[in-house]
Amino acid sequence: MRDKAASAFSSRAKIAISKSWDEHVAETEGHALNMTKRCYYETLGLVREAAEPEIKSAYRRLAKECHPDRNPDDTRAEVRFKEVSEAYEVLKDPQKRAAYDHFGHAAFDGGAGGSRGFGPDFASSMSDIFDDLFGEFIGGRRGHRQRTSRERGADLRYNLEISLSDAFEGRTAQILVPTSVSCETCSGSGAREGTKPATCTTCGGHGKVRASQGFFTIERTCPTCQGRGDTIEDPCPKCSGAGRTTKERTLSVNIPPGVEDGTRIRLAGEGEAGLRGGPAGDLYIFLSIKLHEFFQRDGADIFCRVPIAMTTAALGGEIEVPTVNGTATRVKVPEGSESGKQFRLKGKGMPVLRSKVTGDMYIQVEVETPKKLTRRQRELLEEFERESHKDTSPASAGFFARVKDFFEGKSG
């Protein structure tokens, strides 16, 4: 009995030792497997430059091939399915993929490589990575460790009305603009004379503060200095720390020949002064052109409606008309001219802005019907009417002839 018990104990001990050794081997193999973890791109059969649709397509194909439901007795297929799913979970997410490309598998290890995991340190690292990768393209925070630039002043708008003659010849106009200018007492710093702004203790002069929330790092404007990077402990008494004061300035505006209604002229740096020495904004002059007594403008062309007497239209003659350059010119009106007839005066229009090209002027005559006739004038017109025939007024004679035919045809 004693020998049998000893034999049984020895067998159980061997089994236990064997089982313990197998577990140890499996555990060791597991660690070895983890240390030589396969590349996610290689797992999906992709190159590192693969686009998102390629990643998705590769995952669907491989997941379908090695899905446990299609391979119920194949443990290798199950392992393969897990590897493919793990690789896809990382590579489908742009931020996780960027982390993997930079750190490899260490970016997602929570053990010995935990400092590279998804903690606050990792979020900060990722923020720096994205700055390095994309800062040049999207205006990133490459200078976030330096003091932020001063706040730029606002742009200003000034509406200036000019005459058509000014638009034709060009001129220099003097305008009075109320705006903010840099404080002369503190030279725009906002601090009392003899002192200077102090570095903000909240953001260290960066102008922004960071707060980590899991994987993401949120950056916002410093609430203490409002993004300026410094604070003023002893403000300038004249500008109350703003670094600028309000006053009116007289500026000269050069208006070139050929400007049109709505033309915008930009005066760089003549806008509102920036806060605490920041750069000034720009001043935009918007031009509007007054209505002219005689002329209407269409681009570079000028139109002028000129009423003429019935006798001038019938007999012909010459008329004197004004031009946009302030001179007068004579236009010959042929006999039999009708209302609406146009005469082109080449090169008598407006100059084209910043060009040697000049538009044309168009004279459009409007035949005036005589009014307040004297007895003699009436007698002469009645005599003229008696002597008239269809060729004297062909348009009206033809029209009424067609009207007569229309009614006769309708009644028939």
# chains A, B, ... in the order shown; residues from 1 in each chain; ligands from 1

$ closest_atom_pairs --of "range 330-384 of chain A" --to "range 391-399 of chain A" --cutoff "12 Å" --atoms "only C-alpha atoms" --output "Markdown table"
| residue | atom | partner | partner_atom | distance |
| --- | --- | --- | --- | --- |
| A:Gly336 | CA | A:Thr392 | CA | 9.6 |
| A:Ser337 | CA | A:Ser393 | CA | 11.9 |
| A:Glu338 | CA | A:Ala395 | CA | 10.8 |
| A:Phe384 | CA | A:Thr392 | CA | 10.1 |

$ residues_around --residues "Gly326 in chain A" --least-positions-apart "4" --cutoff "12 Å" --atoms "only C-alpha atoms" --output "ChimeraX atom specification"
/A:164-166,168-169,294-295,321-322,348-349

$ write_last_selection --atoms "all heavy atoms" --output "PDB file, in the first residue's frame"
ATOM      1  N   LEU A 164     -17.227 112.969 -61.406  1.00  0.00           N
ATOM      2  CA  LEU A 164     -16.818 112.252 -62.605  1.00  0.00           C
ATOM      3  C   LEU A 164     -15.549 112.872 -63.188  1.00  0.00           C
ATOM      4  O   LEU A 164     -14.686 112.169 -63.738  1.00  0.00           O
ATOM      5  CB  LEU A 164     -17.950 112.274 -63.639  1.00  0.00           C
ATOM      6  CG  LEU A 164     -17.745 111.416 -64.885  1.00  0.00           C
ATOM      7  CD1 LEU A 164     -17.662 109.941 -64.534  1.00  0.00           C
ATOM      8  CD2 LEU A 164     -18.871 111.642 -65.896  1.00  0.00           C
ATOM      9  N   SER A 165     -15.407 114.167 -63.039  1.00  0.00           N
ATOM     10  CA  SER A 165     -14.193 114.842 -63.520  1.00  0.00           C
ATOM     11  C   SER A 165     -12.966 114.368 -62.747  1.00  0.00           C
ATOM     12  O   SER A 165     -11.881 114.183 -63.324  1.00  0.00           O
ATOM     13  CB  SER A 165     -14.341 116.363 -63.378  1.00  0.00           C
ATOM     14  OG  SER A 165     -15.411 116.839 -64.170  1.00  0.00           O
ATOM     15  N   ASP A 166     -13.128 114.172 -61.436  1.00  0.00           N
ATOM     16  CA  ASP A 166     -12.019 113.646 -60.624  1.00  0.00           C
ATOM     17  C   ASP A 166     -11.641 112.244 -61.086  1.00  0.00           C
ATOM     18  O   ASP A 166     -10.456 111.887 -61.138  1.00  0.00           O
ATOM     19  CB  ASP A 166     -12.402 113.618 -59.148  1.00  0.00           C
ATOM     20  CG  ASP A 166     -12.585 115.006 -58.562  1.00  0.00           C
ATOM     21  OD1 ASP A 166     -11.993 115.952 -59.111  1.00  0.00           O
ATOM     22  OD2 ASP A 166     -13.324 115.133 -57.554  1.00  0.00           O
ATOM     23  N   PHE A 168     -12.029 111.112 -64.045  1.00  0.00           N
ATOM     24  CA  PHE A 168     -11.427 111.210 -65.373  1.00  0.00           C
ATOM     25  C   PHE A 168      -9.971 111.675 -65.290  1.00  0.00           C
ATOM     26  O   PHE A 168      -9.088 111.103 -65.934  1.00  0.00           O
ATOM     27  CB  PHE A 168     -12.237 112.187 -66.231  1.00  0.00           C
ATOM     28  CG  PHE A 168     -11.652 112.443 -67.590  1.00  0.00           C
ATOM     29  CD1 PHE A 168     -11.886 111.558 -68.629  1.00  0.00           C
ATOM     30  CD2 PHE A 168     -10.873 113.566 -67.830  1.00  0.00           C
ATOM     31  CE1 PHE A 168     -11.343 111.780 -69.881  1.00  0.00           C
ATOM     32  CE2 PHE A 168     -10.332 113.795 -69.078  1.00  0.00           C
ATOM     33  CZ  PHE A 168     -10.558 112.903 -70.108  1.00  0.00           C
ATOM     34  N   GLU A 169      -9.721 112.689 -64.514  1.00  0.00           N
ATOM     35  CA  GLU A 169      -8.392 113.294 -64.466  1.00  0.00           C
ATOM     36  C   GLU A 169      -7.500 112.693 -63.386  1.00  0.00           C
ATOM     37  O   GLU A 169      -6.268 112.720 -63.496  1.00  0.00           O
ATOM     38  CB  GLU A 169      -8.524 114.803 -64.227  1.00  0.00           C
ATOM     39  CG  GLU A 169      -9.296 115.535 -65.326  1.00  0.00           C
ATOM     40  CD  GLU A 169      -9.558 116.983 -64.975  1.00  0.00           C
ATOM     41  OE1 GLU A 169      -9.238 117.386 -63.833  1.00  0.00           O
ATOM     42  OE2 GLU A 169     -10.088 117.718 -65.837  1.00  0.00           O
ATOM     43  N   PHE A 294     -24.830 115.783 -67.223  1.00  0.00           N
ATOM     44  CA  PHE A 294     -25.029 115.444 -68.642  1.00  0.00           C
ATOM     45  C   PHE A 294     -24.701 113.987 -68.981  1.00  0.00           C
ATOM     46  O   PHE A 294     -25.312 113.425 -69.889  1.00  0.00           O
ATOM     47  CB  PHE A 294     -24.146 116.343 -69.539  1.00  0.00           C
ATOM     48  CG  PHE A 294     -24.413 117.803 -69.371  1.00  0.00           C
ATOM     49  CD1 PHE A 294     -23.381 118.694 -69.102  1.00  0.00           C
ATOM     50  CD2 PHE A 294     -25.700 118.310 -69.501  1.00  0.00           C
ATOM     51  CE1 PHE A 294     -23.624 120.040 -68.959  1.00  0.00           C
ATOM     52  CE2 PHE A 294     -25.952 119.663 -69.359  1.00  0.00           C
ATOM     53  CZ  PHE A 294     -24.910 120.529 -69.084  1.00  0.00           C
ATOM     54  N   PHE A 295     -23.725 113.424 -68.294  1.00  0.00           N
ATOM     55  CA  PHE A 295     -23.153 112.157 -68.753  1.00  0.00           C
ATOM     56  C   PHE A 295     -23.601 110.970 -67.909  1.00  0.00           C
ATOM     57  O   PHE A 295     -23.814 111.089 -66.694  1.00  0.00           O
ATOM     58  CB  PHE A 295     -21.620 112.227 -68.730  1.00  0.00           C
ATOM     59  CG  PHE A 295     -21.070 113.401 -69.499  1.00  0.00           C
ATOM     60  CD1 PHE A 295     -20.262 114.335 -68.886  1.00  0.00           C
ATOM     61  CD2 PHE A 295     -21.371 113.561 -70.845  1.00  0.00           C
ATOM     62  CE1 PHE A 295     -19.751 115.415 -69.587  1.00  0.00           C
ATOM     63  CE2 PHE A 295     -20.874 114.641 -71.564  1.00  0.00           C
ATOM     64  CZ  PHE A 295     -20.062 115.571 -70.933  1.00  0.00           C
ATOM     65  N   VAL A 321     -21.726 119.886 -78.444  1.00  0.00           N
ATOM     66  CA  VAL A 321     -21.974 119.093 -77.228  1.00  0.00           C
ATOM     67  C   VAL A 321     -20.751 119.144 -76.323  1.00  0.00           C
ATOM     68  O   VAL A 321     -19.615 119.301 -76.790  1.00  0.00           O
ATOM     69  CB  VAL A 321     -22.292 117.618 -77.589  1.00  0.00           C
ATOM     70  CG1 VAL A 321     -23.589 117.538 -78.381  1.00  0.00           C
ATOM     71  CG2 VAL A 321     -21.162 116.976 -78.355  1.00  0.00           C
ATOM     72  N   PRO A 322     -20.947 118.994 -74.982  1.00  0.00           N
ATOM     73  CA  PRO A 322     -19.819 118.964 -74.051  1.00  0.00           C
ATOM     74  C   PRO A 322     -19.169 117.575 -74.026  1.00  0.00           C
ATOM     75  O   PRO A 322     -19.790 116.580 -74.385  1.00  0.00           O
ATOM     76  CB  PRO A 322     -20.475 119.293 -72.706  1.00  0.00           C
ATOM     77  CG  PRO A 322     -21.861 118.732 -72.834  1.00  0.00           C
ATOM     78  CD  PRO A 322     -22.244 118.928 -74.280  1.00  0.00           C
ATOM     79  N   LYS A 348     -13.187 109.772 -76.853  1.00  0.00           N
ATOM     80  CA  LYS A 348     -13.666 110.877 -76.025  1.00  0.00           C
ATOM     81  C   LYS A 348     -14.286 110.390 -74.715  1.00  0.00           C
ATOM     82  O   LYS A 348     -14.933 111.155 -74.008  1.00  0.00           O
ATOM     83  CB  LYS A 348     -14.713 111.687 -76.784  1.00  0.00           C
ATOM     84  CG  LYS A 348     -14.178 112.426 -78.001  1.00  0.00           C
ATOM     85  CD  LYS A 348     -13.243 113.559 -77.616  1.00  0.00           C
ATOM     86  CE  LYS A 348     -12.824 114.363 -78.828  1.00  0.00           C
ATOM     87  NZ  LYS A 348     -11.920 115.497 -78.447  1.00  0.00           N
ATOM     88  N   GLY A 349     -14.080 109.100 -74.370  1.00  0.00           N
ATOM     89  CA  GLY A 349     -14.651 108.549 -73.151  1.00  0.00           C
ATOM     90  C   GLY A 349     -13.693 108.623 -71.977  1.00  0.00           C
ATOM     91  O   GLY A 349     -12.806 109.490 -71.920  1.00  0.00           O
TER      92      GLY A 349
END

$ residues_around --residues "range 86-103 of chain A" --least-positions-apart "4" --cutoff "8 Å" --atoms "only C-alpha atoms" --output "ChimeraX atom specification"
/A:40-41,43-44,52,55-56,59,82,107,116,126

$ residues_around --residues "Glu193 in chain A" --least-positions-apart "3" --cutoff "7 Å" --atoms "only C-alpha atoms" --output "PyMOL selection string"
chain A and resi 185-186+236

$ closest_residue --among "A:Glu387, A:Glu54, A:Glu248, A:Glu366" --to "Cys304 in chain A" --atoms "only C-alpha atoms"
A:Glu366

$ residues_around --residues "Leu62 in chain A" --least-positions-apart "4" --cutoff "8 Å" --atoms "only C-alpha atoms" --output "PyMOL selection string"
chain A and resi 44+58+66+81+84

$ closest_residue --among "A:Gly340, A:Gly190, A:Gly299, A:Gly281" --to "Glu260 in chain A" --atoms "only C-alpha atoms"
A:Gly299

$ select_by_dssp --residues "range 315-364 of chain A" --states "strand (DSSP E or B)" --output "list in words"
Gly317, Glu318, Ile319, Glu320, Val321, Pro322, Ala328, Thr329, Arg330, Val331, Lys332, Val333, Gln342, Phe343, Arg344, Leu345, Pro351, Thr358, Met361, Tyr362, Ile363 and Gln364 of chain A

$ closest_atom_pairs --of "range 267-333 of chain A" --to "range 250-259 of chain A" --cutoff "12 Å" --atoms "only C-alpha atoms" --output "CSV"
residue,atom,partner,partner_atom,distance
A:Leu267,CA,A:Val253,CA,8.4
A:Ala268,CA,A:Val253,CA,11.9
A:Glu270,CA,A:Leu251,CA,8.8
A:Gly271,CA,A:Leu251,CA,11.3
A:Leu283,CA,A:Leu251,CA,10.4
A:Tyr284,CA,A:Val253,CA,10.5
A:Ile285,CA,A:Val253,CA,8.4
A:Phe286,CA,A:Val259,CA,10.7
A:Leu287,CA,A:Val259,CA,8.2
A:Ser288,CA,A:Val259,CA,9.5
A:Ile289,CA,A:Val259,CA,9.1
A:Arg297,CA,A:Gly258,CA,11.3
A:Asp298,CA,A:Gly258,CA,11.9
A:Gly299,CA,A:Gly258,CA,9.2
A:Ala300,CA,A:Gly258,CA,7.7
A:Asp301,CA,A:Gly258,CA,10.9
A:Asn325,CA,A:Pro257,CA,11.8

$ atom_distance --atom1 "CA of Ala167 in chain A" --atom2 "CA of Ala154 in chain A"
28.7 Å

$ closest_residue --among "A:Pro351, A:His105, A:Ser187, A:Gly274" --to "Arg152 in chain A" --atoms "only C-alpha atoms"
A:Gly274

$ atom_distance --atom1 "CA of Glu293 in chain A" --atom2 "CA of Thr358 in chain A"
21.4 Å
